[in-house]
>>> print(open('input_25.pdb').read())   # PDB, C-alpha atoms, pLDDT in the B column
ATOM      1  CA  MET Q   1     -42.430  78.170   8.180  1.00 76.00           C
ATOM      2  CA  LEU Q   2     -41.183  74.595   8.694  1.00 86.00           C
ATOM      3  CA  GLN Q   3     -42.840  73.423   5.461  1.00 89.00           C
ATOM      4  CA  GLU Q   4     -41.079  76.129   3.402  1.00 92.00           C
ATOM      5  CA  LYS Q   5     -37.702  75.326   4.960  1.00 93.00           C
ATOM      6  CA  VAL Q   6     -38.132  71.589   4.281  1.00 94.00           C
ATOM      7  CA  GLU Q   7     -39.198  72.306   0.674  1.00 94.00           C
ATOM      8  CA  LYS Q   8     -36.043  74.393   0.172  1.00 95.00           C
ATOM      9  CA  LEU Q   9     -33.832  71.654   1.628  1.00 94.00           C
ATOM     10  CA  LEU Q  10     -35.523  69.008  -0.532  1.00 95.00           C
ATOM     11  CA  ASN Q  11     -35.055  71.098  -3.681  1.00 94.00           C
ATOM     12  CA  GLU Q  12     -31.347  71.429  -2.875  1.00 94.00           C
ATOM     13  CA  ALA Q  13     -31.067  67.659  -2.356  1.00 94.00           C
ATOM     14  CA  PHE Q  14     -32.883  66.950  -5.643  1.00 94.00           C
ATOM     15  CA  GLU Q  15     -30.504  69.318  -7.463  1.00 94.00           C
ATOM     16  CA  LYS Q  16     -27.603  67.133  -6.278  1.00 92.00           C
ATOM     17  CA  ASN Q  17     -29.349  63.959  -7.482  1.00 91.00           C
ATOM     18  CA  ASN Q  18     -31.709  65.002 -10.269  1.00 91.00           C
ATOM     19  CA  SER Q  19     -32.907  61.438 -10.924  1.00 93.00           C
ATOM     20  CA  LEU Q  20     -34.923  61.694  -7.686  1.00 94.00           C
ATOM     21  CA  PHE Q  21     -38.141  63.678  -7.347  1.00 94.00           C
ATOM     22  CA  LEU Q  22     -40.774  64.550  -4.766  1.00 94.00           C
ATOM     23  CA  ILE Q  23     -44.134  62.799  -4.769  1.00 94.00           C
ATOM     24  CA  SER Q  24     -45.505  64.419  -1.624  1.00 93.00           C
ATOM     25  CA  LEU Q  25     -44.512  66.405   1.435  1.00 95.00           C
ATOM     26  CA  ASP Q  26     -46.711  66.610   4.497  1.00 95.00           C
ATOM     27  CA  VAL Q  27     -45.935  68.491   7.691  1.00 93.00           C
ATOM     28  CA  SER Q  28     -48.518  67.742  10.375  1.00 92.00           C
ATOM     29  CA  GLY Q  29     -49.501  69.972  13.261  1.00 87.00           C
ATOM     30  CA  ASN Q  30     -47.133  68.164  15.636  1.00 91.00           C
ATOM     31  CA  ASN Q  31     -44.211  68.741  13.209  1.00 92.00           C
ATOM     32  CA  HIS Q  32     -44.144  65.214  11.841  1.00 94.00           C
ATOM     33  CA  ILE Q  33     -42.539  65.573   8.407  1.00 95.00           C
ATOM     34  CA  LYS Q  34     -43.428  62.853   5.894  1.00 95.00           C
ATOM     35  CA  VAL Q  35     -41.611  62.894   2.559  1.00 95.00           C
ATOM     36  CA  ILE Q  36     -42.435  60.466  -0.260  1.00 94.00           C
ATOM     37  CA  ILE Q  37     -39.921  60.333  -3.102  1.00 95.00           C
ATOM     38  CA  ASP Q  38     -39.449  58.438  -6.344  1.00 94.00           C
ATOM     39  CA  GLY Q  39     -36.684  58.134  -8.876  1.00 93.00           C
ATOM     40  CA  ASP Q  40     -36.304  57.710 -12.604  1.00 90.00           C
ATOM     41  CA  GLN Q  41     -34.373  54.472 -11.971  1.00 88.00           C
ATOM     42  CA  GLY Q  42     -36.253  53.523  -8.815  1.00 87.00           C
ATOM     43  CA  ILE Q  43     -35.339  54.225  -5.206  1.00 90.00           C
ATOM     44  CA  SER Q  44     -32.809  52.599  -2.934  1.00 92.00           C
ATOM     45  CA  VAL Q  45     -32.560  52.728   0.832  1.00 94.00           C
ATOM     46  CA  ASN Q  46     -29.444  54.863   0.375  1.00 94.00           C
ATOM     47  CA  ASP Q  47     -31.484  57.402  -1.621  1.00 94.00           C
ATOM     48  CA  CYS Q  48     -33.939  57.701   1.271  1.00 94.00           C
ATOM     49  CA  ILE Q  49     -31.054  58.037   3.756  1.00 94.00           C
ATOM     50  CA  GLU Q  50     -29.416  60.728   1.613  1.00 95.00           C
ATOM     51  CA  ILE Q  51     -32.614  62.792   1.396  1.00 95.00           C
ATOM     52  CA  SER Q  52     -33.320  62.282   5.100  1.00 95.00           C
ATOM     53  CA  ARG Q  53     -29.845  63.520   6.045  1.00 94.00           C
ATOM     54  CA  SER Q  54     -30.158  66.510   3.721  1.00 94.00           C
ATOM     55  CA  VAL Q  55     -33.223  67.620   5.650  1.00 94.00           C
ATOM     56  CA  GLU Q  56     -32.417  66.480   9.186  1.00 93.00           C
ATOM     57  CA  HIS Q  57     -28.858  67.843   9.314  1.00 92.00           C
ATOM     58  CA  ASN Q  58     -30.064  71.290   8.267  1.00 92.00           C
ATOM     59  CA  LEU Q  59     -32.887  71.698  10.767  1.00 90.00           C
ATOM     60  CA  ASP Q  60     -32.243  72.711  14.371  1.00 88.00           C
ATOM     61  CA  ARG Q  61     -34.111  70.574  16.918  1.00 85.00           C
ATOM     62  CA  ASP Q  62     -33.521  73.284  19.546  1.00 85.00           C
ATOM     63  CA  GLU Q  63     -35.456  75.683  17.313  1.00 87.00           C
ATOM     64  CA  VAL Q  64     -38.311  73.307  16.481  1.00 87.00           C
ATOM     65  CA  ASP Q  65     -38.862  69.715  17.604  1.00 90.00           C
ATOM     66  CA  PHE Q  66     -39.763  67.444  14.677  1.00 92.00           C
ATOM     67  CA  SER Q  67     -39.857  63.869  13.483  1.00 93.00           C
ATOM     68  CA  LEU Q  68     -38.889  62.953   9.942  1.00 94.00           C
ATOM     69  CA  GLU Q  69     -39.957  60.060   7.725  1.00 95.00           C
ATOM     70  CA  VAL Q  70     -38.600  59.647   4.188  1.00 95.00           C
ATOM     71  CA  THR Q  71     -40.055  56.803   2.130  1.00 94.00           C
ATOM     72  CA  SER Q  72     -40.338  55.715  -1.456  1.00 91.00           C
ATOM     73  CA  ALA Q  73     -43.605  55.526  -3.315  1.00 85.00           C
ATOM     74  CA  GLY Q  74     -44.855  52.013  -2.630  1.00 82.00           C
ATOM     75  CA  VAL Q  75     -45.576  49.457  -5.319  1.00 79.00           C
ATOM     76  CA  SER Q  76     -49.283  49.592  -4.522  1.00 81.00           C
ATOM     77  CA  GLU Q  77     -49.433  53.395  -4.584  1.00 88.00           C
ATOM     78  CA  PRO Q  78     -51.175  55.048  -7.533  1.00 93.00           C
ATOM     79  CA  LEU Q  79     -49.100  57.010 -10.017  1.00 94.00           C
ATOM     80  CA  SER Q  80     -49.570  60.734  -9.564  1.00 91.00           C
ATOM     81  CA  LEU Q  81     -47.002  62.608 -11.680  1.00 93.00           C
ATOM     82  CA  PRO Q  82     -46.253  62.500 -15.429  1.00 95.00           C
ATOM     83  CA  ARG Q  83     -42.641  61.671 -14.520  1.00 94.00           C
ATOM     84  CA  GLN Q  84     -43.836  58.453 -12.841  1.00 94.00           C
ATOM     85  CA  TYR Q  85     -45.759  57.425 -15.941  1.00 96.00           C
ATOM     86  CA  LYS Q  86     -42.729  58.102 -18.152  1.00 95.00           C
ATOM     87  CA  LYS Q  87     -40.504  55.822 -16.077  1.00 93.00           C
ATOM     88  CA  ASN Q  88     -43.086  53.015 -16.336  1.00 94.00           C
ATOM     89  CA  ILE Q  89     -43.374  52.921 -20.144  1.00 95.00           C
ATOM     90  CA  GLY Q  90     -43.536  49.273 -21.219  1.00 95.00           C
ATOM     91  CA  ARG Q  91     -45.195  48.108 -18.008  1.00 94.00           C
ATOM     92  CA  LYS Q  92     -48.776  46.992 -17.521  1.00 96.00           C
ATOM     93  CA  LEU Q  93     -51.081  49.499 -15.809  1.00 96.00           C
ATOM     94  CA  GLN Q  94     -54.584  49.372 -14.412  1.00 96.00           C
ATOM     95  CA  VAL Q  95     -56.181  52.734 -15.160  1.00 96.00           C
ATOM     96  CA  LYS Q  96     -59.526  53.907 -13.827  1.00 96.00           C
ATOM     97  CA  THR Q  97     -61.319  56.714 -15.612  1.00 93.00           C
ATOM     98  CA  GLY Q  98     -64.727  58.105 -14.733  1.00 87.00           C
ATOM     99  CA  GLU Q  99     -66.525  55.340 -16.637  1.00 85.00           C
ATOM    100  CA  ASP Q 100     -63.986  52.589 -17.413  1.00 90.00           C
ATOM    101  CA  LYS Q 101     -61.265  50.424 -15.931  1.00 94.00           C
ATOM    102  CA  ILE Q 102     -58.564  49.553 -18.464  1.00 94.00           C
ATOM    103  CA  GLU Q 103     -55.660  47.142 -18.058  1.00 95.00           C
ATOM    104  CA  GLY Q 104     -53.051  47.678 -20.717  1.00 96.00           C
ATOM    105  CA  THR Q 105     -49.415  48.267 -21.513  1.00 97.00           C
ATOM    106  CA  LEU Q 106     -48.221  51.842 -21.201  1.00 97.00           C
ATOM    107  CA  THR Q 107     -46.677  52.580 -24.613  1.00 97.00           C
ATOM    108  CA  ASN Q 108     -46.095  56.315 -24.293  1.00 97.00           C
ATOM    109  CA  ALA Q 109     -46.420  59.148 -21.786  1.00 96.00           C
ATOM    110  CA  ASN Q 110     -45.815  62.856 -22.069  1.00 96.00           C
ATOM    111  CA  ASP Q 111     -46.757  65.875 -19.972  1.00 95.00           C
ATOM    112  CA  GLU Q 112     -50.397  65.854 -21.137  1.00 96.00           C
ATOM    113  CA  GLU Q 113     -51.474  62.239 -21.746  1.00 96.00           C
ATOM    114  CA  ILE Q 114     -50.699  58.526 -21.742  1.00 97.00           C
ATOM    115  CA  HIS Q 115     -51.084  55.847 -24.428  1.00 97.00           C
ATOM    116  CA  LEU Q 116     -52.269  52.342 -23.499  1.00 97.00           C
ATOM    117  CA  LYS Q 117     -52.508  49.185 -25.641  1.00 97.00           C
ATOM    118  CA  TRP Q 118     -54.273  45.937 -24.786  1.00 95.00           C
ATOM    119  CA  LYS Q 119     -55.944  42.942 -26.387  1.00 94.00           C
ATOM    120  CA  ALA Q 120     -59.641  42.199 -26.038  1.00 90.00           C
ATOM    121  CA  ARG Q 121     -61.985  39.411 -27.146  1.00 91.00           C
ATOM    122  CA  GLU Q 122     -64.913  40.758 -29.148  1.00 89.00           C
ATOM    123  CA  PRO Q 123     -67.702  39.197 -31.191  1.00 89.00           C
ATOM    124  CA  LYS Q 124     -66.803  38.657 -34.830  1.00 89.00           C
ATOM    125  CA  PRO Q 125     -68.368  41.207 -37.166  1.00 87.00           C
ATOM    126  CA  ILE Q 126     -69.735  38.366 -39.297  1.00 86.00           C
ATOM    127  CA  GLY Q 127     -70.597  34.917 -38.003  1.00 85.00           C
ATOM    128  CA  LYS Q 128     -70.504  33.380 -34.574  1.00 88.00           C
ATOM    129  CA  GLY Q 129     -67.718  33.397 -32.047  1.00 89.00           C
ATOM    130  CA  LYS Q 130     -65.162  35.908 -30.877  1.00 91.00           C
ATOM    131  CA  HIS Q 131     -61.799  37.101 -32.116  1.00 89.00           C
ATOM    132  CA  THR Q 132     -58.929  38.964 -30.461  1.00 91.00           C
ATOM    133  CA  VAL Q 133     -58.467  42.608 -31.370  1.00 92.00           C
ATOM    134  CA  GLU Q 134     -55.804  45.111 -30.358  1.00 95.00           C
ATOM    135  CA  LYS Q 135     -57.134  48.233 -28.740  1.00 94.00           C
ATOM    136  CA  GLU Q 136     -55.449  51.506 -27.989  1.00 96.00           C
ATOM    137  CA  ALA Q 137     -56.453  54.497 -25.884  1.00 94.00           C
ATOM    138  CA  VAL Q 138     -55.019  57.955 -25.430  1.00 95.00           C
ATOM    139  CA  LEU Q 139     -55.965  59.269 -22.009  1.00 96.00           C
ATOM    140  CA  PRO Q 140     -55.325  62.815 -20.817  1.00 96.00           C
ATOM    141  CA  TYR Q 141     -54.218  62.953 -17.173  1.00 96.00           C
ATOM    142  CA  SER Q 142     -57.383  64.923 -16.373  1.00 95.00           C
ATOM    143  CA  ASP Q 143     -59.477  61.826 -17.260  1.00 94.00           C
ATOM    144  CA  ILE Q 144     -57.475  59.469 -15.024  1.00 95.00           C
ATOM    145  CA  VAL Q 145     -59.010  58.845 -11.613  1.00 96.00           C
ATOM    146  CA  GLU Q 146     -56.329  56.328 -10.563  1.00 95.00           C
ATOM    147  CA  ALA Q 147     -53.509  54.412 -12.233  1.00 96.00           C
ATOM    148  CA  LYS Q 148     -51.441  51.638 -10.695  1.00 95.00           C
ATOM    149  CA  VAL Q 149     -48.640  49.479 -12.029  1.00 94.00           C
ATOM    150  CA  MET Q 150     -49.735  45.847 -12.245  1.00 93.00           C
ATOM    151  CA  ILE Q 151     -47.202  43.541 -10.621  1.00 87.00           C
ATOM    152  CA  THR Q 152     -46.859  40.139 -12.272  1.00 80.00           C
ATOM    153  CA  PHE Q 153     -44.912  37.204 -10.900  1.00 78.00           C
TER     154      PHE Q 153
END
>>> encode(input="input_25.pdb", output="structure tokens")
Amino acid sequence: MLQEKVEKLLNEAFEKNNSLFLISLDVSGNNHIKVIIDGDQGISVNDCIEISRSVEHNLDRDEVDFSLEVTSAGVSEPLSLPRQYKKNIGRKLQVKTGEDKIEGTLTNANDEEIHLKWKAREPKPIGKGKHTVEKEAVLPYSDIVEAKVMITF
């Protein structure tokens, strides 16, 4: 009951600001509501406050006692939705598949797959030594175990 009401309130809030979207919603047994959001242009503290108020001001604490936490997806959190991949085009990702770990630049993302490019040192086809080659991979979301944005300083 509480989960459905919170989902409805969140959908209404996201309609007002359609650059924001829901990553996850969890309502625990003791009515602790945890909402994780993201945005196409990132998230500000004011975005979290706005979403929090949209939920909190429309729930009656006399009806059901609850606690509410609204946060943004952290920098170290894995990407989980195609919309998150799309907003990170041009950034470096570390992607784990069942058999490989690839670090490359996200060049494209759609609703089915992502495209990564990276450079690798490989043995020369003829002669001794190594040379740098550009590699590219197209990975369907179903093959991705985990993907994180690599932060460089």
>>> residues_near_point(input="input_25.pdb", point="(-54.9, 68.0, -16.7)", cutoff="12 Å", atoms="all atoms listed in the file", output="PyMOL selection string")
chain Q and resi 80-82+110-114+139-145
>>> write_last_selection(input="input_25.pdb", atoms="C-alpha atoms", output="compact mmCIF listing (two decimals), keeping the file's coordinate frame")
# COMPACT_ATOMS: atom_id res chain seq x y z
CA SER Q 80 -49.57 60.73 -9.56
CA LEU Q 81 -47.00 62.61 -11.68
CA PRO Q 82 -46.25 62.50 -15.43
CA ASN Q 110 -45.82 62.86 -22.07
CA ASP Q 111 -46.76 65.88 -19.97
CA GLU Q 112 -50.40 65.85 -21.14
CA GLU Q 113 -51.47 62.24 -21.75
CA ILE Q 114 -50.70 58.53 -21.74
CA LEU Q 139 -55.96 59.27 -22.01
CA PRO Q 140 -55.32 62.82 -20.82
CA TYR Q 141 -54.22 62.95 -17.17
CA SER Q 142 -57.38 64.92 -16.37
CA ASP Q 143 -59.48 61.83 -17.26
CA ILE Q 144 -57.48 59.47 -15.02
CA VAL Q 145 -59.01 58.84 -11.61
>>> closest_residue(input="input_25.pdb", among="Q:Gly98, Q:Val133, Q:Glu12, Q:Asp40", to="Q:Asn58", atoms="all atoms listed in the file")
Q:Glu12
>>> closest_residue(input="input_25.pdb", among="Q:Arg53, Q:Lys130, Q:His115, Q:Lys96", to="Q:Glu146", atoms="all atoms listed in the file")
Q:Lys96
>>> resolve_selection(input="input_25.pdb", expression="the PyMOL selection byres ((chain Q and resi 75) around 12)", output="PyMOL selection string")
chain Q and resi 38+42-43+71-74+76-79+84+88+93+147-152
>>> resolve_selection(input="input_25.pdb", expression="the PyMOL selection byres ((chain Q and resi 10) around 10)", output="number ranges by chain")
Q: 4-9, 11-16, 21-22, 25, 35, 51-52, 54-55
>>> atom_distance(input="input_25.pdb", atom1="atom CA of Q:Val45", atom2="atom CA of Q:His57")
17.7 Å
>>> resolve_selection(input="input_25.pdb", expression="the PyMOL selection byres ((chain Q and resi 107) around 7)", output="compact mmCIF listing (two decimals) with C-alpha atoms, keeping the file's coordinate frame")
# COMPACT_ATOMS: atom_id res chain seq x y z
CA ILE Q 89 -43.37 52.92 -20.14
CA GLY Q 90 -43.54 49.27 -21.22
CA THR Q 105 -49.42 48.27 -21.51
CA LEU Q 106 -48.22 51.84 -21.20
CA ASN Q 108 -46.10 56.32 -24.29
CA HIS Q 115 -51.08 55.85 -24.43
CA LEU Q 116 -52.27 52.34 -23.50
CA LYS Q 117 -52.51 49.18 -25.64
>>> atom_distance(input="input_25.pdb", atom1="atom CA of Q:Cys48", atom2="atom CA of Q:Arg61")
20.3 Å
>>> atom_distance(input="input_25.pdb", atom1="atom CA of Q:Ser19", atom2="atom CA of Q:Phe66")
27.2 Å
>>> residues_around(input="input_25.pdb", residues="Q:Glu122", least_positions_apart="4", cutoff="12 Å", atoms="all atoms listed in the file", output="ChimeraX atom specification")
/Q:126,128-135
>>> residues_around(input="input_25.pdb", residues="Q:Leu68", least_positions_apart="2", cutoff="7 Å", atoms="all atoms listed in the file", output="list in words")
His32, Ile33, Lys34, Phe66 and Val70 of chain Q
>>> closest_residue(input="input_25.pdb", among="Q:Thr97, Q:Ser24, Q:Gln3, Q:Asn31", to="Q:Ala137", atoms="all atoms listed in the file")
Q:Thr97
>>> closest_residue(input="input_25.pdb", among="Q:Glu50, Q:Ile37, Q:Lys86, Q:Glu136", to="Q:Ile102", atoms="only C-alpha atoms")
Q:Glu136
>>> closest_residue(input="input_25.pdb", among="Q:Met1, Q:Asp65, Q:Asn18, Q:Lys124", to="Q:Gly39", atoms="only C-alpha atoms")
Q:Asn18
>>> axis_aligned_box(input="input_25.pdb", around="stretch 124-140 of chain Q", padding_each_side="6 Å", output="JSON")
{"center_x": -62.8, "center_y": 48.1, "center_z": -30.1, "size_x": 27.6, "size_y": 41.4, "size_z": 30.5}
